[in-house]
Amino acid sequence: MEIIIKNTLLLLAILLTGLAAGLFYAWEVSVIPGTRQIADRHYLETMQSINRAILNPGFFVIFFGSLLLLIILAYLQWQS
């Protein structure tokens with residue numbers, strides 16, 4: 001039973017970490033090049049708006065869920 005739980009947690013950690021990596025990659029290749037083309041004032045307003053909008057449950061699950069699962073899995077691995 002323990003191995004099933006560890007494997008399930010590992011799968012979830014891989015999934016959430018991959019989603020976070022995909023989000024950051026998509027951000028780097030799509031949003032950042034677009035914001036380089038606007039004036040500083042508009043850039044600041046845009047980034048502040050994006051930073052407020054991204055603070056939602058979906059982002060928190062991906063960002064903090066992967067971190068939490070990786071810490072749990074590291075502890076479980078250290079124990080065995």
# chains A, B, ... in the order shown; residues from 1 in each chain; ligands from 1
$ residues_around --residues "stretch 37-50 of chain A" --least-positions-apart "6" --cutoff "12 Å" --atoms "only C-alpha atoms" --output "number ranges by chain"
A: 27, 31, 56
$ residues_around --residues "stretch 57-64 of chain A" --least-positions-apart "4" --cutoff "10 Å" --atoms "only C-alpha atoms" --output "ChimeraX atom specification"
/A:13,15-21,23,53,68-70
$ decode --residues "stretch 16-49 of chain A" --atoms "N, CA and C atoms" --output "PDB file, in the first residue's frame"
ATOM      1  N   LEU A  16       2.610  18.242 -11.653  1.00  0.00           N
ATOM      2  CA  LEU A  16       2.571  19.641 -11.226  1.00  0.00           C
ATOM      3  C   LEU A  16       3.861  20.384 -11.561  1.00  0.00           C
ATOM      4  N   THR A  17       5.003  19.714 -11.421  1.00  0.00           N
ATOM      5  CA  THR A  17       6.277  20.344 -11.763  1.00  0.00           C
ATOM      6  C   THR A  17       6.351  20.615 -13.268  1.00  0.00           C
ATOM      7  N   GLY A  18       5.865  19.674 -14.062  1.00  0.00           N
ATOM      8  CA  GLY A  18       5.822  19.873 -15.513  1.00  0.00           C
ATOM      9  C   GLY A  18       4.902  21.012 -15.911  1.00  0.00           C
ATOM     10  N   LEU A  19       3.760  21.122 -15.246  1.00  0.00           N
ATOM     11  CA  LEU A  19       2.849  22.231 -15.527  1.00  0.00           C
ATOM     12  C   LEU A  19       3.479  23.573 -15.168  1.00  0.00           C
ATOM     13  N   ALA A  20       4.174  23.620 -14.039  1.00  0.00           N
ATOM     14  CA  ALA A  20       4.855  24.860 -13.640  1.00  0.00           C
ATOM     15  C   ALA A  20       5.946  25.219 -14.648  1.00  0.00           C
ATOM     16  N   ALA A  21       6.722  24.233 -15.063  1.00  0.00           N
ATOM     17  CA  ALA A  21       7.777  24.486 -16.045  1.00  0.00           C
ATOM     18  C   ALA A  21       7.181  24.972 -17.364  1.00  0.00           C
ATOM     19  N   GLY A  22       6.083  24.363 -17.770  1.00  0.00           N
ATOM     20  CA  GLY A  22       5.414  24.784 -18.999  1.00  0.00           C
ATOM     21  C   GLY A  22       4.889  26.208 -18.909  1.00  0.00           C
ATOM     22  N   LEU A  23       4.342  26.552 -17.759  1.00  0.00           N
ATOM     23  CA  LEU A  23       3.850  27.911 -17.548  1.00  0.00           C
ATOM     24  C   LEU A  23       4.989  28.921 -17.660  1.00  0.00           C
ATOM     25  N   PHE A  24       6.103  28.643 -16.990  1.00  0.00           N
ATOM     26  CA  PHE A  24       7.232  29.574 -17.027  1.00  0.00           C
ATOM     27  C   PHE A  24       7.854  29.645 -18.424  1.00  0.00           C
ATOM     28  N   TYR A  25       7.909  28.524 -19.125  1.00  0.00           N
ATOM     29  CA  TYR A  25       8.448  28.533 -20.483  1.00  0.00           C
ATOM     30  C   TYR A  25       7.542  29.342 -21.413  1.00  0.00           C
ATOM     31  N   ALA A  26       6.243  29.088 -21.338  1.00  0.00           N
ATOM     32  CA  ALA A  26       5.298  29.830 -22.181  1.00  0.00           C
ATOM     33  C   ALA A  26       5.368  31.326 -21.874  1.00  0.00           C
ATOM     34  N   TRP A  27       5.527  31.661 -20.617  1.00  0.00           N
ATOM     35  CA  TRP A  27       5.666  33.059 -20.212  1.00  0.00           C
ATOM     36  C   TRP A  27       6.897  33.689 -20.875  1.00  0.00           C
ATOM     37  N   GLU A  28       8.009  32.965 -20.831  1.00  0.00           N
ATOM     38  CA  GLU A  28       9.266  33.482 -21.363  1.00  0.00           C
ATOM     39  C   GLU A  28       9.221  33.675 -22.876  1.00  0.00           C
ATOM     40  N   VAL A  29       8.563  32.793 -23.592  1.00  0.00           N
ATOM     41  CA  VAL A  29       8.585  32.887 -25.054  1.00  0.00           C
ATOM     42  C   VAL A  29       7.404  33.650 -25.638  1.00  0.00           C
ATOM     43  N   SER A  30       6.433  34.027 -24.804  1.00  0.00           N
ATOM     44  CA  SER A  30       5.291  34.746 -25.358  1.00  0.00           C
ATOM     45  C   SER A  30       5.083  36.116 -24.715  1.00  0.00           C
ATOM     46  N   VAL A  31       5.002  36.183 -23.416  1.00  0.00           N
ATOM     47  CA  VAL A  31       4.691  37.443 -22.738  1.00  0.00           C
ATOM     48  C   VAL A  31       5.907  38.368 -22.705  1.00  0.00           C
ATOM     49  N   ILE A  32       7.049  37.847 -22.315  1.00  0.00           N
ATOM     50  CA  ILE A  32       8.239  38.685 -22.166  1.00  0.00           C
ATOM     51  C   ILE A  32       8.636  39.372 -23.482  1.00  0.00           C
ATOM     52  N   PRO A  33       8.690  38.673 -24.609  1.00  0.00           N
ATOM     53  CA  PRO A  33       9.022  39.392 -25.851  1.00  0.00           C
ATOM     54  C   PRO A  33       8.004  40.486 -26.195  1.00  0.00           C
ATOM     55  N   GLY A  34       6.747  40.248 -25.884  1.00  0.00           N
ATOM     56  CA  GLY A  34       5.730  41.266 -26.164  1.00  0.00           C
ATOM     57  C   GLY A  34       5.872  42.485 -25.285  1.00  0.00           C
ATOM     58  N   THR A  35       6.238  42.282 -24.039  1.00  0.00           N
ATOM     59  CA  THR A  35       6.358  43.426 -23.132  1.00  0.00           C
ATOM     60  C   THR A  35       7.616  44.245 -23.387  1.00  0.00           C
ATOM     61  N   ARG A  36       8.567  43.680 -24.071  1.00  0.00           N
ATOM     62  CA  ARG A  36       9.785  44.455 -24.407  1.00  0.00           C
ATOM     63  C   ARG A  36       9.488  45.560 -25.423  1.00  0.00           C
ATOM     64  N   GLN A  37       8.347  45.474 -26.076  1.00  0.00           N
ATOM     65  CA  GLN A  37       8.027  46.416 -27.148  1.00  0.00           C
ATOM     66  C   GLN A  37       7.168  47.586 -26.681  1.00  0.00           C
ATOM     67  N   ILE A  38       6.858  47.668 -25.390  1.00  0.00           N
ATOM     68  CA  ILE A  38       6.001  48.753 -24.924  1.00  0.00           C
ATOM     69  C   ILE A  38       6.786  49.700 -24.019  1.00  0.00           C
ATOM     70  N   ALA A  39       6.251  50.879 -23.830  1.00  0.00           N
ATOM     71  CA  ALA A  39       6.899  51.904 -23.001  1.00  0.00           C
ATOM     72  C   ALA A  39       6.954  51.443 -21.545  1.00  0.00           C
ATOM     73  N   ASP A  40       7.891  52.016 -20.813  1.00  0.00           N
ATOM     74  CA  ASP A  40       8.116  51.608 -19.423  1.00  0.00           C
ATOM     75  C   ASP A  40       6.864  51.738 -18.564  1.00  0.00           C
ATOM     76  N   ARG A  41       6.144  52.838 -18.696  1.00  0.00           N
ATOM     77  CA  ARG A  41       4.939  53.046 -17.884  1.00  0.00           C
ATOM     78  C   ARG A  41       3.903  51.961 -18.170  1.00  0.00           C
ATOM     79  N   HIS A  42       3.688  51.666 -19.427  1.00  0.00           N
ATOM     80  CA  HIS A  42       2.720  50.634 -19.798  1.00  0.00           C
ATOM     81  C   HIS A  42       3.208  49.245 -19.388  1.00  0.00           C
ATOM     82  N   TYR A  43       4.518  49.044 -19.458  1.00  0.00           N
ATOM     83  CA  TYR A  43       5.102  47.776 -19.015  1.00  0.00           C
ATOM     84  C   TYR A  43       4.809  47.551 -17.539  1.00  0.00           C
ATOM     85  N   LEU A  44       5.035  48.572 -16.740  1.00  0.00           N
ATOM     86  CA  LEU A  44       4.792  48.471 -15.303  1.00  0.00           C
ATOM     87  C   LEU A  44       3.323  48.177 -15.010  1.00  0.00           C
ATOM     88  N   GLU A  45       2.423  48.890 -15.661  1.00  0.00           N
ATOM     89  CA  GLU A  45       0.987  48.660 -15.456  1.00  0.00           C
ATOM     90  C   GLU A  45       0.589  47.247 -15.895  1.00  0.00           C
ATOM     91  N   THR A  46       1.143  46.804 -17.014  1.00  0.00           N
ATOM     92  CA  THR A  46       0.840  45.464 -17.521  1.00  0.00           C
ATOM     93  C   THR A  46       1.310  44.387 -16.563  1.00  0.00           C
ATOM     94  N   MET A  47       2.539  44.501 -16.097  1.00  0.00           N
ATOM     95  CA  MET A  47       3.087  43.487 -15.190  1.00  0.00           C
ATOM     96  C   MET A  47       2.344  43.464 -13.859  1.00  0.00           C
ATOM     97  N   GLN A  48       1.960  44.622 -13.344  1.00  0.00           N
ATOM     98  CA  GLN A  48       1.191  44.658 -12.103  1.00  0.00           C
ATOM     99  C   GLN A  48      -0.164  43.992 -12.287  1.00  0.00           C
ATOM    100  N   SER A  49      -0.790  44.224 -13.413  1.00  0.00           N
ATOM    101  CA  SER A  49      -2.084  43.600 -13.699  1.00  0.00           C
ATOM    102  C   SER A  49      -1.948  42.085 -13.835  1.00  0.00           C
TER     103      SER A  49
END
